[in-house]
Amino acid sequence: MDGAVSGGSADGLSRLRIAFCHGVPMMALSFATDVLPMFRQVDIDHMKPMGVLLDDYDYMSNAENDHQNAQSVSDSLTGKNKPQMPPGGPYWTPEQLAKYAQWMADGYQP
Ligand code: HEM
């Protein structure tokens, strides 16, 4: 890791940080490419009536209350909040949980 640069602030890019590794930019993880494919259709379908919109970027990236929606989903996946999701498993692997956490750390990119 050689460093990081931040985008401008007036255009809304201030939270997009790009890290460089040996001069090569490491792109921030994206909801559509990296996070959404980790949810099964059954997860999306079961949680939608409960108001947890796993396939909805606007819901998942909602900045209200310190990104509470994304945090609650994370806490259900890790088991910090019970019952751990999805009920009875299979629970997400450490790699999947790390990817979700990285998406959050990268600034909830679409
Ligand atoms: C804010 C986050 C979440 C909350 C509060 C939540 C809460 C719940 C609750 C209360 C139920 C019904 C009770 C139960 O069956 O044990 C449920 C069902 C379910 N949840 Fe979640 N959940 C969350 C996120 C997730 C996520 C991230 C997944 C998958 C990755 C998921 C997958 C499911 C599935 C598949 C069911 C239906 C289980 C069945 O009926 O067999 N949920 N959830």
# chains A, B, ... in the order shown; residues from 1 in each chain; ligands from 1
>>> select_by_dssp(residues="chain A", states="strand (DSSP E or B)", output="list in words")
Gly3, Ala4, Val5, Ser6, Arg17, Ile18, Ala19, Phe20, Cys21, Val24, Pro25 and Met26 of chain A
>>> closest_atom_pairs(of="chain A", to="ligand 1", cutoff="9 Å", atoms="only C-alpha atoms and all ligand atoms", output="Markdown table")
| residue | atom | partner | partner_atom_place_in_ligand_line | distance |
| --- | --- | --- | --- | --- |
| A:Met38 | CA | ligand 1 | 30 (C) | 7.6 |
| A:Phe39 | CA | ligand 1 | 30 (C) | 5.3 |
| A:Arg40 | CA | ligand 1 | 30 (C) | 7.0 |
| A:Gln41 | CA | ligand 1 | 35 (C) | 8.6 |
| A:Val42 | CA | ligand 1 | 35 (C) | 5.4 |
| A:Asp43 | CA | ligand 1 | 35 (C) | 4.1 |
| A:Ile44 | CA | ligand 1 | 32 (C) | 7.1 |
| A:Asp45 | CA | ligand 1 | 35 (C) | 7.6 |
| A:His46 | CA | ligand 1 | 36 (C) | 5.0 |
| A:Met47 | CA | ligand 1 | 21 (Fe) | 5.4 |
| A:Met50 | CA | ligand 1 | 8 (C) | 7.4 |
| A:Gly51 | CA | ligand 1 | 1 (C) | 8.6 |
| A:Val52 | CA | ligand 1 | 1 (C) | 5.9 |
| A:Leu53 | CA | ligand 1 | 24 (C) | 8.8 |
| A:Leu54 | CA | ligand 1 | 27 (C) | 6.8 |
| A:Gln68 | CA | ligand 1 | 1 (C) | 8.8 |
| A:Asn69 | CA | ligand 1 | 1 (C) | 6.5 |
| A:Ala70 | CA | ligand 1 | 1 (C) | 7.7 |
| A:Gln71 | CA | ligand 1 | 1 (C) | 7.8 |
| A:Ser72 | CA | ligand 1 | 1 (C) | 4.4 |
| A:Val73 | CA | ligand 1 | 2 (C) | 4.0 |
| A:Ser74 | CA | ligand 1 | 27 (C) | 6.9 |
| A:Asp75 | CA | ligand 1 | 2 (C) | 7.3 |
| A:Ser76 | CA | ligand 1 | 2 (C) | 5.3 |
| A:Leu77 | CA | ligand 1 | 27 (C) | 5.5 |
| A:Asn81 | CA | ligand 1 | 5 (C) | 7.9 |
| A:Lys82 | CA | ligand 1 | 7 (C) | 8.2 |
| A:Pro83 | CA | ligand 1 | 16 (O) | 6.1 |
| A:Gln84 | CA | ligand 1 | 22 (N) | 7.8 |
| A:Met85 | CA | ligand 1 | 31 (C) | 4.7 |
| A:Pro86 | CA | ligand 1 | 32 (C) | 3.8 |
| A:Pro87 | CA | ligand 1 | 16 (O) | 5.1 |
| A:Gly88 | CA | ligand 1 | 41 (O) | 7.8 |
| A:Gly89 | CA | ligand 1 | 35 (C) | 8.6 |
| A:Tyr91 | CA | ligand 1 | 30 (C) | 7.8 |
| A:Trp92 | CA | ligand 1 | 30 (C) | 7.6 |
>>> select_by_dssp(residues="range 25-68 of chain A", states="helix (DSSP H, G or I)", output="number ranges by chain")
A: 31-38, 41-50, 57-60, 64-68
>>> write_last_selection(atoms="C-alpha atoms", output="CSV table (one decimal), in the first residue's frame")
chain,number,residue,atom,x,y,z
A,31,PHE,CA,-22.6,-2.9,-4.1
A,32,ALA,CA,-23.8,-4.2,-7.4
A,33,THR,CA,-20.6,-6.2,-8.2
A,34,ASP,CA,-19.4,-7.3,-4.8
A,35,VAL,CA,-22.2,-7.2,-2.2
A,36,LEU,CA,-25.5,-7.9,-4.0
A,37,PRO,CA,-24.4,-11.2,-5.5
A,38,MET,CA,-23.7,-12.6,-2.0
A,41,GLN,CA,-32.9,-14.6,-3.8
A,42,VAL,CA,-34.5,-16.3,-0.8
A,43,ASP,CA,-32.8,-13.8,1.5
A,44,ILE,CA,-34.0,-10.9,-0.5
A,45,ASP,CA,-37.5,-12.3,-0.8
A,46,HIS,CA,-37.8,-13.1,3.0
A,47,MET,CA,-36.5,-9.9,4.3
A,48,LYS,CA,-38.4,-7.5,1.9
A,49,PRO,CA,-41.8,-7.9,3.8
A,50,MET,CA,-39.9,-7.0,7.0
A,57,TYR,CA,-28.9,0.2,-3.0
A,58,ASP,CA,-30.7,3.3,-1.7
A,59,TYR,CA,-31.8,1.4,1.4
A,60,MET,CA,-28.4,-0.3,2.0
A,64,GLU,CA,-29.1,8.1,8.2
A,65,ASN,CA,-28.1,7.3,11.7
A,66,ASP,CA,-24.6,6.5,10.8
A,67,HIS,CA,-25.5,4.1,8.0
A,68,GLN,CA,-27.7,2.1,10.4
>>> atom_distance(atom1="CA of Thr78 in chain A", atom2="CA of Ala28 in chain A")
21.9 Å
>>> atom_distance(atom1="CA of Lys99 in chain A", atom2="CA of Leu29 in chain A")
7.8 Å
>>> atom_distance(atom1="CA of Leu97 in chain A", atom2="CA of Asp55 in chain A")
16.7 Å
